file my_file.txt (compact mmCIF, C-alpha atoms and all ligand atoms)
# COMPACT_ATOMS: atom_id res chain seq x y z
CA MET A 10 -3.23 28.89 -8.64
CA GLY A 11 -3.19 25.25 -7.54
CA ALA A 12 -2.08 22.28 -9.64
CA ASP A 13 -4.39 21.08 -12.40
CA LEU A 14 -6.20 18.07 -10.95
CA SER A 15 -8.58 17.51 -13.86
CA THR A 16 -6.50 14.57 -15.16
CA ARG A 17 -3.81 12.26 -13.74
CA ALA A 18 -0.37 13.93 -13.86
CA VAL A 19 1.39 10.73 -14.91
CA GLY A 20 4.33 12.71 -16.29
CA VAL A 21 5.21 14.14 -12.87
CA ARG A 22 7.57 11.91 -10.96
CA GLU A 23 7.86 11.47 -7.22
CA LEU A 24 11.25 12.51 -5.82
CA MET A 25 11.65 9.24 -3.91
CA ASP A 26 11.50 7.30 -7.20
CA ASP A 27 14.65 9.03 -8.46
CA PRO A 28 17.52 6.49 -8.28
CA SER A 29 19.87 9.34 -7.34
CA ALA A 30 17.62 10.67 -4.55
CA ASP A 31 19.52 11.88 -1.49
CA PRO A 32 19.92 8.81 0.77
CA GLY A 33 19.36 10.80 3.96
CA MET A 34 16.14 12.33 2.62
CA LEU A 35 15.00 8.91 1.43
CA GLU A 36 15.71 7.33 4.82
CA ARG A 37 13.75 10.06 6.63
CA THR A 38 10.91 9.50 4.16
CA TYR A 39 10.74 5.76 4.95
CA ARG A 40 10.97 6.57 8.65
CA ARG A 41 8.07 9.03 8.53
CA PHE A 42 5.73 6.92 6.36
CA GLY A 43 4.41 5.22 9.50
CA ALA A 44 3.25 8.46 11.12
CA VAL A 45 1.59 9.67 7.93
CA ASN A 46 -0.02 6.31 7.17
CA ALA A 47 -1.38 6.02 10.70
CA VAL A 48 -3.51 9.06 9.90
CA VAL A 49 -4.32 8.71 6.21
CA SER A 50 -4.17 4.95 5.57
CA ARG A 51 -5.70 3.66 8.83
CA PRO A 52 -3.96 0.28 9.06
CA GLY A 53 -6.33 -0.66 11.90
CA SER A 54 -9.26 -0.77 9.50
CA VAL A 55 -7.25 -2.90 7.04
CA TYR A 56 -6.51 -5.25 9.91
CA ARG A 57 -10.09 -5.45 11.18
CA GLY A 58 -11.59 -5.69 7.69
CA ASP A 59 -9.37 -8.16 5.88
CA VAL A 60 -6.67 -9.62 8.11
CA ARG A 61 -8.19 -10.46 11.48
CA PRO A 62 -11.27 -12.34 10.19
CA ARG A 63 -9.13 -14.57 7.96
CA ALA A 64 -6.48 -15.16 10.61
CA ARG A 65 -9.20 -16.09 13.13
CA ARG A 66 -10.89 -18.44 10.68
CA ARG A 67 -7.59 -20.12 9.93
CA ARG A 68 -6.85 -20.55 13.63
CA ALA A 69 -10.33 -22.02 14.22
CA LEU A 70 -9.72 -24.51 11.40
CA GLY A 71 -6.28 -25.33 12.74
CA GLY A 72 -4.61 -24.59 9.39
CA ALA A 73 -1.27 -22.99 8.51
CA PRO A 74 -0.89 -19.26 9.31
CA VAL A 75 -2.44 -16.92 6.75
CA ARG A 76 0.02 -15.58 4.24
CA ILE A 77 -0.08 -11.81 3.73
CA LEU A 78 1.71 -9.97 0.93
CA ASP A 79 2.28 -6.20 1.02
CA VAL A 80 3.18 -5.12 -2.53
CA GLY A 81 5.28 -1.94 -2.69
CA ALA A 82 5.86 -2.09 1.05
CA GLY A 83 8.24 0.90 1.07
CA GLY A 84 9.47 1.39 4.64
CA GLY A 85 7.40 -1.62 5.77
CA ASP A 86 5.18 0.25 8.20
CA LEU A 87 1.96 -1.49 7.13
CA CYS A 88 3.62 -4.86 7.77
CA ARG A 89 4.76 -3.70 11.21
CA ALA A 90 1.32 -2.27 12.02
CA LEU A 91 -0.37 -5.56 11.07
CA ALA A 92 2.21 -7.63 12.98
CA VAL A 93 1.62 -5.65 16.19
CA ARG A 94 -2.14 -6.21 15.96
CA LEU A 95 -1.79 -9.89 15.14
CA ARG A 96 0.49 -10.37 18.12
CA ARG A 97 -1.94 -8.47 20.37
CA ASP A 98 -4.75 -10.80 19.25
CA ARG A 99 -2.49 -13.88 19.49
CA LEU A 100 -3.02 -14.66 15.82
CA ASP A 101 -0.45 -16.13 13.46
CA ALA A 102 0.45 -14.88 10.02
CA GLU A 103 3.36 -14.95 7.63
CA ILE A 104 3.93 -11.45 6.29
CA THR A 105 5.93 -10.72 3.15
CA ALA A 106 7.03 -7.16 2.35
CA LEU A 107 7.71 -6.84 -1.37
CA ASP A 108 9.26 -3.88 -3.17
CA VAL A 109 11.04 -3.41 -6.48
CA ASP A 110 13.30 -0.74 -4.98
CA PRO A 111 16.34 -2.27 -3.23
CA ARG A 112 16.74 0.89 -1.12
CA ALA A 113 13.26 0.39 0.36
CA VAL A 114 13.84 -3.31 1.00
CA ALA A 115 17.19 -2.63 2.71
CA TRP A 116 15.69 0.05 4.96
CA ALA A 117 12.55 -1.90 5.83
CA SER A 118 14.40 -5.12 6.63
CA ALA A 119 16.82 -3.20 8.88
CA HIS A 120 13.83 -1.69 10.72
CA ASP A 121 11.61 -4.76 11.05
CA GLY A 122 11.04 -3.91 14.71
CA GLY A 123 10.21 -7.47 15.68
CA ALA A 124 7.48 -7.85 13.05
CA GLY A 125 9.22 -10.92 11.69
CA ALA A 126 8.25 -10.08 8.10
CA VAL A 127 10.04 -11.58 5.11
CA TYR A 128 11.55 -8.83 2.92
CA ARG A 129 11.88 -9.43 -0.80
CA CYS A 130 13.22 -7.24 -3.56
CA ALA A 131 11.17 -8.49 -6.49
CA SER A 132 8.13 -7.71 -8.59
CA SER A 133 4.67 -9.21 -8.36
CA SER A 134 5.39 -10.93 -11.70
CA ASP A 135 8.44 -12.63 -10.15
CA LEU A 136 6.20 -14.09 -7.44
CA VAL A 137 3.65 -15.29 -10.01
CA ARG A 138 6.45 -16.98 -11.97
CA ALA A 139 7.66 -18.63 -8.77
CA GLY A 140 4.16 -20.04 -8.19
CA GLU A 141 3.71 -18.20 -4.89
CA ARG A 142 0.26 -17.93 -3.27
CA PHE A 143 -0.98 -15.61 -0.53
CA ASP A 144 -4.31 -15.48 1.29
CA ILE A 145 -4.31 -11.68 1.46
CA VAL A 146 -2.56 -9.35 -0.99
CA LEU A 147 -2.44 -5.68 -0.02
CA SER A 148 -0.87 -2.53 -1.31
CA ASN A 149 -0.89 1.04 -0.08
CA HIS A 150 -0.05 4.08 -2.19
CA VAL A 151 1.33 2.00 -5.04
CA LEU A 152 -1.32 2.20 -7.78
CA HIS A 153 -0.67 5.88 -8.45
CA HIS A 154 2.99 5.06 -9.17
CA LEU A 155 1.94 2.94 -12.15
CA ASP A 156 1.11 3.80 -15.74
CA GLY A 157 -1.73 2.05 -17.58
CA ALA A 158 0.28 -1.04 -18.50
CA GLY A 159 1.78 -1.19 -15.03
CA LEU A 160 -1.66 -1.11 -13.43
CA ALA A 161 -2.98 -3.84 -15.73
CA GLY A 162 0.04 -6.01 -14.92
CA MET A 163 -0.27 -5.39 -11.19
CA LEU A 164 -3.96 -6.36 -11.16
CA GLU A 165 -3.35 -9.46 -13.27
CA ASP A 166 -0.44 -10.54 -11.06
CA THR A 167 -2.09 -9.88 -7.74
CA ARG A 168 -5.26 -11.68 -8.81
CA ARG A 169 -3.14 -14.70 -9.71
CA LEU A 170 -1.30 -14.61 -6.39
CA VAL A 171 -4.43 -15.37 -4.35
CA PRO A 172 -6.48 -18.58 -4.26
CA GLU A 173 -10.21 -18.50 -5.05
CA ASP A 174 -11.06 -17.69 -1.42
CA GLY A 175 -8.35 -15.02 -1.10
CA VAL A 176 -8.62 -11.26 -1.23
CA VAL A 177 -6.69 -8.49 -2.95
CA ALA A 178 -7.05 -4.93 -1.66
CA HIS A 179 -5.10 -2.09 -3.24
CA HIS A 180 -5.43 1.07 -1.15
CA ASP A 181 -4.65 4.53 -2.47
CA ILE A 182 -5.54 8.20 -2.32
CA ALA A 183 -8.36 9.63 -4.42
CA ARG A 184 -7.39 12.63 -6.53
CA SER A 185 -9.43 15.68 -5.61
CA ARG A 186 -9.02 19.34 -4.72
CA LEU A 187 -10.13 18.52 -1.19
CA ALA A 188 -7.49 15.80 -0.78
CA SER A 189 -4.77 18.12 -2.08
CA ALA A 190 -5.85 21.06 0.09
CA ALA A 191 -6.26 18.87 3.19
CA PHE A 192 -2.84 17.23 2.73
CA ALA A 193 -1.15 20.61 2.13
CA ALA A 194 -2.82 22.15 5.19
CA GLY A 195 -2.40 19.08 7.41
CA THR A 196 1.31 18.65 6.71
CA TRP A 197 2.25 22.34 6.69
CA PRO A 198 2.69 22.65 10.50
CA PHE A 199 5.11 19.68 10.36
CA SER A 200 7.15 20.80 7.35
CA GLY A 201 9.83 22.41 9.55
CA ASN A 202 10.01 19.63 12.15
CA LEU A 203 8.59 16.09 11.82
CA LEU A 204 8.67 16.06 8.01
CA ALA A 205 11.78 18.21 7.55
CA GLY A 206 14.47 16.63 5.38
CA SER A 207 12.05 14.08 3.92
CA PHE A 208 10.18 13.83 0.60
CA ILE A 209 6.83 13.28 2.34
CA ARG A 210 5.25 16.67 1.74
CA ALA A 211 6.42 17.20 -1.85
CA ASP A 212 5.80 13.59 -2.87
CA GLY A 213 2.44 13.48 -1.10
CA LEU A 214 1.21 16.40 -3.20
CA THR A 215 2.62 14.78 -6.34
CA SER A 216 0.97 11.48 -5.36
CA ILE A 217 -2.42 13.16 -5.25
CA ARG A 218 -1.82 14.62 -8.72
CA ARG A 219 -0.90 11.16 -10.02
CA SER A 220 -3.78 9.39 -8.26
CA TYR A 221 -7.00 8.11 -9.74
CA THR A 222 -10.53 9.23 -9.10
CA ALA A 223 -12.94 6.44 -8.20
CA ALA A 224 -14.50 6.61 -11.68
CA GLU A 225 -11.10 6.42 -13.42
CA LEU A 226 -10.01 3.45 -11.35
CA ALA A 227 -13.29 1.62 -11.96
CA ALA A 228 -12.92 2.25 -15.70
CA ALA A 229 -9.29 1.06 -15.73
CA ALA A 230 -9.89 -2.15 -13.76
CA PRO A 231 -10.95 -5.39 -15.47
CA PRO A 232 -14.24 -7.12 -14.59
CA GLY A 233 -14.33 -8.63 -11.10
CA TRP A 234 -12.60 -5.69 -9.43
CA VAL A 235 -14.64 -3.33 -7.26
CA VAL A 236 -13.78 0.23 -6.19
CA ARG A 237 -14.70 1.27 -2.67
CA ARG A 238 -14.47 4.84 -1.42
CA GLY A 239 -13.21 5.51 2.08
CA PHE A 240 -12.35 8.31 4.45
CA PRO A 241 -10.32 10.54 4.16
CA SER A 242 -10.23 10.69 0.32
CA ARG A 243 -9.37 7.01 0.08
CA LEU A 244 -9.91 4.46 -2.66
CA GLN A 245 -9.73 0.73 -2.42
CA LEU A 246 -9.61 -1.50 -5.49
CA ARG A 247 -10.66 -4.98 -4.37
CA TRP A 248 -10.92 -8.42 -5.74
CA GLU A 249 -12.58 -11.13 -3.68
CA PRO A 250 -14.88 -14.00 -4.54
CA ALA A 251 -18.21 -12.33 -3.65
CA ASP A 252 -17.36 -9.19 -5.61
CA ALA A 253 -15.98 -11.17 -8.51
CA ALA A 254 -19.18 -13.16 -8.75
CA GLY A 255 -21.37 -10.04 -8.58
C1 LIG B 301 4.73 5.75 -1.98
S1 LIG B 301 5.60 4.29 -1.66
C2 LIG B 301 4.44 3.51 -0.56
C3 LIG B 301 5.13 2.65 0.44
C4 LIG B 301 4.21 2.01 1.45
N1 LIG B 301 3.32 1.06 0.84
C5 LIG B 301 3.44 3.04 2.21
O1 LIG B 301 2.21 3.09 2.11
O2 LIG B 301 4.07 3.83 2.93
C6 LIG B 301 5.43 3.30 -3.11
C7 LIG B 301 6.33 2.10 -3.10
O3 LIG B 301 5.91 1.25 -4.15
C8 LIG B 301 7.05 0.69 -4.76
N2 LIG B 301 6.64 0.26 -6.09
C9 LIG B 301 6.35 1.02 -7.16
N3 LIG B 301 5.98 0.23 -8.20
C10 LIG B 301 6.04 -1.05 -7.76
C11 LIG B 301 5.79 -2.31 -8.34
N4 LIG B 301 5.40 -2.43 -9.62
N5 LIG B 301 5.94 -3.42 -7.60
C12 LIG B 301 6.33 -3.33 -6.31
N6 LIG B 301 6.61 -2.16 -5.71
C13 LIG B 301 6.46 -1.04 -6.41
C14 LIG B 301 8.06 1.81 -4.73
O4 LIG B 301 9.39 1.30 -4.86
C15 LIG B 301 7.79 2.42 -3.37
O5 LIG B 301 8.59 1.85 -2.36

call {"tool": "encode", "arguments": {"input": "my_file.txt", "output": "structure tokens", "more": "lines below"}}
Ligand SMILES: C[S@@+](CC[C@H](N)C(=O)[O-])C[C@H]1O[C@@H](n2cnc3c(N)ncnc32)[C@H](O)[C@@H]1O
result
Amino acid sequence: MGADLSTRAVGVRELMDDPSADPGMLERTYRRFGAVNAVVSRPGSVYRGDVRPRARRRRALGGAPVRILDVGAGGGDLCRALAVRLRRDRLDAEITALDVDPRAVAWASAHDGGAGAVYRCASSSDLVRAGERFDIVLSNHVLHHLDGAGLAGMLEDTRRLVPEDGVVAHHDIARSRLASAAFAAGTWPFSGNLLAGSFIRADGLTSIRRSYTAAELAAAAPPGWVVRRGFPSRLQLRWEPADAAG
């Protein structure tokens, strides 16, 4: 029998969050995030939807480069994926990769790959306290790590980190039997090779158990936030001026 997916399994912890996790396994997990995210998180659509239009507008206006914040950046692959596309389109941006886990920050900064991102080991609240502002605040696969208070704090912080014309987009998996079955089946052929010695497969299945459904996320978010569904089994919790006004 499969795992119970009727409610969020907030009591089940991801192996990578264990402070005593095997360093080699953790490193292979960071290394493989990029391959997995290329399929499930589709950084190209994040780029085309939120990053490129703002970077182009800023260039047309002759202003400072857009500031992008990736909260819970992990191995930093979203930052690298965005940097490659920006460079290809000859657009400027200042990218900050933020994570509360020093192991993630150390690995990501050592594997910047020419992205030129700024790596910071801090929380979103630290950035609010420091008076930081970003045009675009993103996260990927972070919301399901949080409990109720953590989610409320993250949404409050990230909303405060953008100006009135900014955007916040938290991307995550949607909890469903289909998502769980598809992830299990899609990763199984790679469990003995590409994903061997990493936490990706075990933690991916746990992530789905911890994730929200669209209805749960909409109910948990304060007014002004909008949930969008995406493919495959994706959720996006957004704040931007048009949505906030509506
Ligand atoms: C599953 S990983 C996702 C990493 C990356 N965003 C990706 O999509 O591959 C979740 C990351 O979020 C970080 N994290 C969890 N809670 C956080 C918080 N409150 N603020 C910042 N980072 C957080 C964890 O340390 C971890 O590196």

call {"tool": "closest_atom_pairs", "arguments": {"input": "my_file.txt", "of": "chain A", "to": "ligand LIG 301 (chain B)", "cutoff": "7 Å", "atoms": "all atoms listed in the file", "output": "Markdown table"}}
result
| residue | atom | partner | partner_atom | distance |
| --- | --- | --- | --- | --- |
| A:Asp26 | CA | B:LIG301 | O4 | 6.8 |
| A:Phe42 | CA | B:LIG301 | O2 | 4.9 |
| A:Gly43 | CA | B:LIG301 | O2 | 6.7 |
| A:Asn46 | CA | B:LIG301 | O2 | 6.4 |
| A:Val80 | CA | B:LIG301 | C12 | 5.2 |
| A:Gly81 | CA | B:LIG301 | N6 | 3.3 |
| A:Ala82 | CA | B:LIG301 | N1 | 4.1 |
| A:Gly83 | CA | B:LIG301 | O5 | 3.6 |
| A:Gly84 | CA | B:LIG301 | O2 | 6.2 |
| A:Gly85 | CA | B:LIG301 | C4 | 6.5 |
| A:Asp86 | CA | B:LIG301 | O2 | 6.5 |
| A:Leu87 | CA | B:LIG301 | O1 | 6.8 |
| A:Leu107 | CA | B:LIG301 | C12 | 6.2 |
| A:Asp108 | CA | B:LIG301 | N6 | 4.1 |
| A:Val109 | CA | B:LIG301 | N6 | 4.7 |
| A:Asp110 | CA | B:LIG301 | O4 | 4.4 |
| A:Ala113 | CA | B:LIG301 | O5 | 5.6 |
| A:Ser132 | CA | B:LIG301 | N5 | 4.9 |
| A:Ser133 | CA | B:LIG301 | N5 | 6.0 |
| A:Ser148 | CA | B:LIG301 | N1 | 5.9 |
| A:Asn149 | CA | B:LIG301 | N1 | 4.3 |
| A:His150 | CA | B:LIG301 | C2 | 4.8 |
| A:Val151 | CA | B:LIG301 | C6 | 4.7 |
| A:His154 | CA | B:LIG301 | C9 | 5.6 |
| A:Leu155 | CA | B:LIG301 | N3 | 6.3 |
| A:Gly159 | CA | B:LIG301 | N4 | 6.6 |
| A:Met163 | CA | B:LIG301 | N4 | 6.6 |

call {"tool": "write_last_selection", "arguments": {"input": "my_file.txt", "atoms": "C-alpha atoms", "output": "mmCIF file, keeping the file's coordinate frame"}}
result
data_model
loop_
_atom_site.group_PDB
_atom_site.id
_atom_site.type_symbol
_atom_site.label_atom_id
_atom_site.label_comp_id
_atom_site.auth_asym_id
_atom_site.auth_seq_id
_atom_site.Cartn_x
_atom_site.Cartn_y
_atom_site.Cartn_z
ATOM 1 C CA ASP A 26 11.500 7.300 -7.200
ATOM 2 C CA PHE A 42 5.730 6.920 6.360
ATOM 3 C CA GLY A 43 4.410 5.220 9.500
ATOM 4 C CA ASN A 46 -0.020 6.310 7.170
ATOM 5 C CA VAL A 80 3.180 -5.120 -2.530
ATOM 6 C CA GLY A 81 5.280 -1.940 -2.690
ATOM 7 C CA ALA A 82 5.860 -2.090 1.050
ATOM 8 C CA GLY A 83 8.240 0.900 1.070
ATOM 9 C CA GLY A 84 9.470 1.390 4.640
ATOM 10 C CA GLY A 85 7.400 -1.620 5.770
ATOM 11 C CA ASP A 86 5.180 0.250 8.200
ATOM 12 C CA LEU A 87 1.960 -1.490 7.130
ATOM 13 C CA LEU A 107 7.710 -6.840 -1.370
ATOM 14 C CA ASP A 108 9.260 -3.880 -3.170
ATOM 15 C CA VAL A 109 11.040 -3.410 -6.480
ATOM 16 C CA ASP A 110 13.300 -0.740 -4.980
ATOM 17 C CA ALA A 113 13.260 0.390 0.360
ATOM 18 C CA SER A 132 8.130 -7.710 -8.590
ATOM 19 C CA SER A 133 4.670 -9.210 -8.360
ATOM 20 C CA SER A 148 -0.870 -2.530 -1.310
ATOM 21 C CA ASN A 149 -0.890 1.040 -0.080
ATOM 22 C CA HIS A 150 -0.050 4.080 -2.190
ATOM 23 C CA VAL A 151 1.330 2.000 -5.040
ATOM 24 C CA HIS A 154 2.990 5.060 -9.170
ATOM 25 C CA LEU A 155 1.940 2.940 -12.150
ATOM 26 C CA GLY A 159 1.780 -1.190 -15.030
ATOM 27 C CA MET A 163 -0.270 -5.390 -11.190
#

call {"tool": "closest_residue", "arguments": {"input": "my_file.txt", "among": "A:Glu23, A:Arg210, A:Val75, A:Ser220", "to": "A:Gly195", "atoms": "all atoms listed in the file"}}
result
A:Arg210

call {"tool": "closest_residue", "arguments": {"input": "my_file.txt", "among": "A:Ala90, A:Leu204, A:Val146, A:Ala18", "to": "A:Gly123", "atoms": "all atoms listed in the file"}}
result
A:Ala90

call {"tool": "residues_around", "arguments": {"input": "my_file.txt", "residues": "A:Ala224", "least_positions_apart": "6", "cutoff": "12 Å", "atoms": "only C-alpha atoms", "output": "list of chain:residue names"}}
result
A:Thr16, A:Ala183, A:Arg184, A:Ala230, A:Val235, A:Val236, A:Arg237, A:Arg238, A:Leu244, A:Gln245, A:Leu246

call {"tool": "closest_residue", "arguments": {"input": "my_file.txt", "among": "A:Ser15, A:Pro250, A:Trp197, A:Phe192", "to": "A:Val48", "atoms": "only C-alpha atoms"}}
result
A:Phe192

call {"tool": "residues_near_point", "arguments": {"input": "my_file.txt", "point": "(-6.7, 15.5, 0.5)", "cutoff": "10 Å", "atoms": "only C-alpha atoms", "output": "list in words"}}
result
Val49, Ile182, Ala183, Arg184, Ser185, Arg186, Leu187, Ala188, Ser189, Ala190, Ala191, Phe192, Ala193, Ala194, Gly195, Gly213, Leu214, Ile217, Phe240, Pro241, Ser242 and Arg243 of chain A

call {"tool": "closest_residue", "arguments": {"input": "my_file.txt", "among": "A:His120, A:Arg41, A:Arg97, A:Ile145", "to": "A:Pro74", "atoms": "all atoms listed in the file"}}
result
A:Ile145

call {"tool": "residues_around", "arguments": {"input": "my_file.txt", "residues": "A:Arg247", "least_positions_apart": "5", "cutoff": "10 Å", "atoms": "all atoms listed in the file", "output": "list of chain:residue names"}}
result
A:Val146, A:Leu147, A:Leu164, A:Arg168, A:Val176, A:Val177, A:Ala178, A:His179, A:His180, A:Ala230, A:Gly233, A:Trp234, A:Val235, A:Val236, A:Arg237, A:Asp252, A:Ala253

call {"tool": "write_last_selection", "arguments": {"input": "my_file.txt", "atoms": "C-alpha atoms", "output": "compact mmCIF listing (two decimals), in the frame of the given file"}}
result
# COMPACT_ATOMS: atom_id res chain seq x y z
CA VAL A 146 -2.56 -9.35 -0.99
CA LEU A 147 -2.44 -5.68 -0.02
CA LEU A 164 -3.96 -6.36 -11.16
CA ARG A 168 -5.26 -11.68 -8.81
CA VAL A 176 -8.62 -11.26 -1.23
CA VAL A 177 -6.69 -8.49 -2.95
CA ALA A 178 -7.05 -4.93 -1.66
CA HIS A 179 -5.10 -2.09 -3.24
CA HIS A 180 -5.43 1.07 -1.15
CA ALA A 230 -9.89 -2.15 -13.76
CA GLY A 233 -14.33 -8.63 -11.10
CA TRP A 234 -12.60 -5.69 -9.43
CA VAL A 235 -14.64 -3.33 -7.26
CA VAL A 236 -13.78 0.23 -6.19
CA ARG A 237 -14.70 1.27 -2.67
CA ASP A 252 -17.36 -9.19 -5.61
CA ALA A 253 -15.98 -11.17 -8.51

call {"tool": "closest_residue", "arguments": {"input": "my_file.txt", "among": "A:Arg218, A:Arg112, A:Arg169, A:Arg142", "to": "A:Ser29", "atoms": "only C-alpha atoms"}}
result
A:Arg112

call {"tool": "atom_distance", "arguments": {"input": "my_file.txt", "atom1": "atom CA of A:Ile104", "atom2": "atom CA of A:Gly140"}}
result
16.8 Å

call {"tool": "closest_residue", "arguments": {"input": "my_file.txt", "among": "A:Asp101, A:Asp121, A:Asp13, A:Asp135", "to": "A:Arg65", "atoms": "all atoms listed in the file"}}
result
A:Asp101

call {"tool": "residues_around", "arguments": {"input": "my_file.txt", "residues": "A:Arg57", "least_positions_apart": "6", "cutoff": "12 Å", "atoms": "all atoms listed in the file", "output": "VMD selection string"}}
result
chain A and resid 51 63 to 65 90 to 91 94 to 95 98

call {"tool": "atom_distance", "arguments": {"input": "my_file.txt", "atom1": "atom CA of A:Trp248", "atom2": "atom CA of A:Val171"}}
result
9.6 Å

call {"tool": "atom_distance", "arguments": {"input": "my_file.txt", "atom1": "atom CA of A:Gly175", "atom2": "atom CA of A:Val45"}}
result
28.1 Å

call {"tool": "residues_near_point", "arguments": {"input": "my_file.txt", "point": "(9.3, -11.9, 7.7)", "cutoff": "6 Å", "atoms": "all atoms listed in the file", "output": "ChimeraX atom specification"}}
result
/A:104-105,125-127

call {"tool": "build_atoms", "arguments": {"input": "my_file.txt", "residues": "stretch 215-226 of chain A", "atoms": "N, CA and C atoms", "output": "JSON list (two decimals), in the frame of the given file"}}
result
[["chain", "number", "residue", "atom", "x", "y", "z"],
["A", 215, "THR", "N", 2.49, 15.38, -5.01],
["A", 215, "THR", "CA", 2.62, 14.78, -6.34],
["A", 215, "THR", "C", 1.77, 13.51, -6.44],
["A", 216, "SER", "N", 1.76, 12.72, -5.37],
["A", 216, "SER", "CA", 0.97, 11.48, -5.36],
["A", 216, "SER", "C", -0.48, 11.78, -5.66],
["A", 217, "ILE", "N", -1.00, 12.83, -5.04],
["A", 217, "ILE", "CA", -2.42, 13.16, -5.25],
["A", 217, "ILE", "C", -2.64, 13.54, -6.71],
["A", 218, "ARG", "N", -1.69, 14.26, -7.29],
["A", 218, "ARG", "CA", -1.82, 14.62, -8.72],
["A", 218, "ARG", "C", -1.78, 13.39, -9.61],
["A", 219, "ARG", "N", -1.02, 12.38, -9.20],
["A", 219, "ARG", "CA", -0.90, 11.16, -10.02],
["A", 219, "ARG", "C", -2.04, 10.17, -9.76],
["A", 220, "SER", "N", -2.80, 10.39, -8.69],
["A", 220, "SER", "CA", -3.78, 9.39, -8.26],
["A", 220, "SER", "C", -5.00, 9.36, -9.17],
["A", 221, "TYR", "N", -5.76, 8.30, -8.99],
["A", 221, "TYR", "CA", -7.00, 8.11, -9.74],
["A", 221, "TYR", "C", -8.17, 8.73, -8.98],
["A", 222, "THR", "N", -9.23, 9.04, -9.74],
["A", 222, "THR", "CA", -10.53, 9.23, -9.10],
["A", 222, "THR", "C", -11.18, 7.85, -9.06],
["A", 223, "ALA", "N", -12.25, 7.73, -8.29],
["A", 223, "ALA", "CA", -12.94, 6.44, -8.20],
["A", 223, "ALA", "C", -13.43, 6.01, -9.59],
["A", 224, "ALA", "N", -13.96, 6.95, -10.36],
["A", 224, "ALA", "CA", -14.50, 6.61, -11.68],
["A", 224, "ALA", "C", -13.38, 6.15, -12.62],
["A", 225, "GLU", "N", -12.23, 6.82, -12.56],
["A", 225, "GLU", "CA", -11.10, 6.42, -13.42],
["A", 225, "GLU", "C", -10.60, 5.03, -13.07],
["A", 226, "LEU", "N", -10.53, 4.76, -11.77],
["A", 226, "LEU", "CA", -10.01, 3.45, -11.35],
["A", 226, "LEU", "C", -10.99, 2.34, -11.74]]
